[in-house]
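Presented below is the structure to which this report refers.
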Amino acid sequence: MPTVKEKISIRQFIILTVIFTMGSSVLNGTTMLVRLAHQDAWLASIIGIIYGVLLVLLYGLLTQRHPNLNLADYIDKVLGKWFGTLMKLSFSIYTLLLSSALLRTLGDFLTTLILPETPIQAVEIVFMLTLIMGVQLGLETFTRTSEFLFPFIMSFIILIALFLLPQMKLVDNLSPVLENGINPVLSASYRLLGIPFAELILLLMITPHITNRKKIRKSMLLGVLGGGIVLVIINVLSIAVLGADATAGLSYPTYELAKEISIGNFIQRIEVLAGGIIFISLFVKSIIVFYVMIVIVTHTFHVSNYRIITLPLGMLVMVLSIIIFPNVIYFRNLAFVFWPTFTLLHGLIYPVLLLGIDSFRRRLNKTKASLEK
């Protein structure tokens with residue numbers, strides 16, 4: 001298993017949380033929301049942030065109980081050996097599928113818009129080898145890399161918002177508000193609850209590596225708010241500039257937004273830069289999920305050194321990304337209908353179950369102790 005000697009700061013953890021929250025949602029999350037809530041997708045994203053904050057408060061309760069334990073250790077402590085192994089197997093499968101989905105997302109993005117003549121398998125092999133190398137180097141290394149790249153990501157988000165201000169049609173494209181009632185907005189926010197906020201449960205696998213564990217909940221809250229605000233900005237820009245109908249028909253609205261930028265016929269055609277920023281965001285989330293998958297599998301099957309399984313599991317992820325998601329349409333339908341619920345099982349149901357059992361056992365022990373006195 002990874003050594004706990006690897007340490008990351010609170011600032012680095014906040015950065016990881018922000019980029020993890022953005023992840024693949026900054027690429028195509030807007031499309032999913034707009035298809036359900038239309039011009040009210042921005043409102044759904046705000047409600048999604050509230051969901052994310054509530055989930056982080058739940059995760060904070062878990063980490064407060066045992067700040068020195070990661071999620072896998074906590075599962076073992078609460079559920080015991082046999083039931084704990086079953087839940088860890090479920091998380092292993094979940095992270096394996098999530099890694100495959102992220103790899104497929106990146107492969108589809110690059111081969112559709114940037115490298116159309118390149119086979120998706122070639123793109124995925126290069127990207128997966130990069131992930132394997134990053135995990136082999138350890139948590140501290142890829143965390144520092146994320147810290148270095150973070151200013152570039154945020155600078156681009158700010159610049160794209162400023163450059164598109166003249167083209168925004170807030171009144172025309174964002175109204176009427178709640179034209180179809182609140183139900184479409186709640187349905188869209190439910191998808192956002194599953195992707196990406198419930199996925200934040202995976203960050204509990206790296207919390208023992210944080211230098212100041214007393215600030216874990218606060219740092220996660222800041223990260224969720226930061227990443228959530230970025231998603232709201234992207235949603236508002238997409239609808240206000242492109243329109244709800246056009247955004248709903250786009251696969252990658254953020255990339256299309258960058259095409260709309262033209263300042264004095266001098267600053268234009270910066271969509272390749274947008275592609276680079278999206279790639280960085282996807283890379284950081286992918287390496288976190290892949291690292292967590294390796295740690296959980298190592299913990300579940302009692303592997304002595306996690307680095308020896310990175311290559312075989314990396315190859316398995318790549319194969320599954322092709323087999324499970326044979327084409328783009330199937331992949332998006334699966335992500336749209338099935339994935340949010342599957343994520344909520346791991347990001348909401350399991351944590352509530354763990355917290356409930358742990359609380360019950362604590363009360364039972366207190367009752368026994370008082371009776372013995």
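Scheme for the structure tokens: letters A, B, ... for chains in order shown; per-chain residue numbers from 1; ligand numbers from 1 in order shown.
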Extract, using only C-alpha atoms, all DNA, RNA and protein residues at most 12 Å from Arg11 in chain A, discarding same-chain residues fewer than 3 positions from it, and format them as a list of chain:residue names.
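So, after excluding close chain neighbours, the residues are A:Lys7, A:Ile8, A:Ile14, A:Ile15, A:Leu16, A:Thr17, A:Val18, A:Thr143, A:Arg144, A:Ser146, A:Glu147, A:Phe148, A:Phe150, A:Ile210, A:Thr211, A:Asn212, A:Lys215, A:Ile216, A:Lys218, A:Ser219, A:Met220, A:Leu222, A:Gly223.
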Can you list, as an MDAnalysis selection string, every residue of range 64-241 of chain A that DSSP puts in alpha helix (DSSP H)?
chainID A and resid 64:65 71:109 120:137 139:164 170:173 183:194 216:237
I want to know what sits within 8 Å of range 352-367 of chain A, based on only C-alpha atoms, with residues of the same chain fewer than 6 positions away left out; could you give that as a list of chain:residue names?
A:Leu58, A:Leu61, A:Leu62, A:Ile75, A:Val78, A:Leu79
Straight-line distance linking CA of Val241 in chain A with CA of Gln167 in chain A, stated in Å to one decimal
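According to the coordinates, CA of Val241 in chain A and CA of Gln167 in chain A are separated by 5.8 Å.
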Would you compute the distance between CA of Pro151 in chain A and CA of Ala44 in chain A? Give it in Å to one decimal.
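Result for CA of Pro151 in chain A versus CA of Ala44 in chain A: 27.1 Å, one decimal.
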Excluding Ser25 in chain A and any residue of its chain fewer than 6 positions from it, enumerate the residues within 9 Å of it, using only C-alpha atoms, and give them as a list in words.
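Once the adjacent positions are removed, what remains is Leu192, Ile195, Pro196 and Leu231 of chain A.
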For each of A:Leu242, A:Ala335, A:Ile323, A:Val292, take the minimum atom-to-atom distance to Met32 in chain A, counting only C-alpha atoms, then give the residue where this is smallest.
A:Ala335
Just checking: using only C-alpha atoms, which residue out of A:Gly23, A:Gly194, A:Gly275, A:Gly228 ends up closest to Leu103 in chain A?
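Nearest to Leu103 in chain A: A:Gly23.
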Give the answer as one residue: which of A:Met205, A:Ala37, A:Thr118, A:Leu98 has the shortest atom-to-atom distance to His299 in chain A, using only C-alpha atoms?
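Closest to His299 in chain A, using only C-alpha atoms: A:Met205.
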Using only C-alpha atoms, which residues sit within 8 Å of Gly314 in chain A once same-chain residues fewer than 3 positions away are excluded, as a PyMOL selection string?
chain A and resi 128-129+132+310-311+317-318
So the first atom is CA of Ala161 in chain A and the second is CA of Leu27 in chain A; what is the distance between them in Å, to one decimal place?
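CA of Ala161 in chain A sits 15.3 Å away from CA of Leu27 in chain A.
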Quick one: everything within 8 Å of Arg104 in chain A, counting only C-alpha atoms, minus sequence neighbours fewer than 6 positions away in the same chain. Send it as a short mmCIF file (atom, residue, chain, number, x, y, z; two decimals) with C-alpha atoms, in the first residue's frame.
```
data_model
loop_
_atom_site.label_atom_id
_atom_site.label_comp_id
_atom_site.auth_asym_id
_atom_site.auth_seq_id
_atom_site.Cartn_x
_atom_site.Cartn_y
_atom_site.Cartn_z
CA GLU A 124 -5.77 5.92 -24.92
CA SER A 321 -12.98 1.62 -22.02
CA ILE A 322 -13.33 0.08 -25.49
CA PHE A 325 -18.29 1.82 -24.17
#
```
From the options A:Thr207, A:Asn305, A:Ser90, A:Gln39, which residue's atoms come nearest to Val171 in chain A, counting only C-alpha atoms?
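Among A:Thr207, A:Asn305, A:Ser90, A:Gln39, it is A:Gln39 that comes nearest to Val171 in chain A.
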Calculated over only C-alpha atoms, which of the candidates A:Ile278, A:Leu202, A:Leu313, A:Leu159 has the smallest distance to Tyr94 in chain A?
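Using only C-alpha atoms, Tyr94 in chain A sits closest to A:Leu202.
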Among listed residues A:Ile114, A:Pro67, A:Ile296, A:Leu225, nearest Val272 in chain A (using only C-alpha atoms)
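Of the candidates, the smallest distance to Val272 in chain A is held by A:Ile114.
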Within 12 Å of Ile50 in chain A using only C-alpha atoms, minus same-chain residues under 2 positions, as a PyMOL selection string:
chain A and resi 43-48+52-57+189-190+192-193+197+221+224-225+228-229
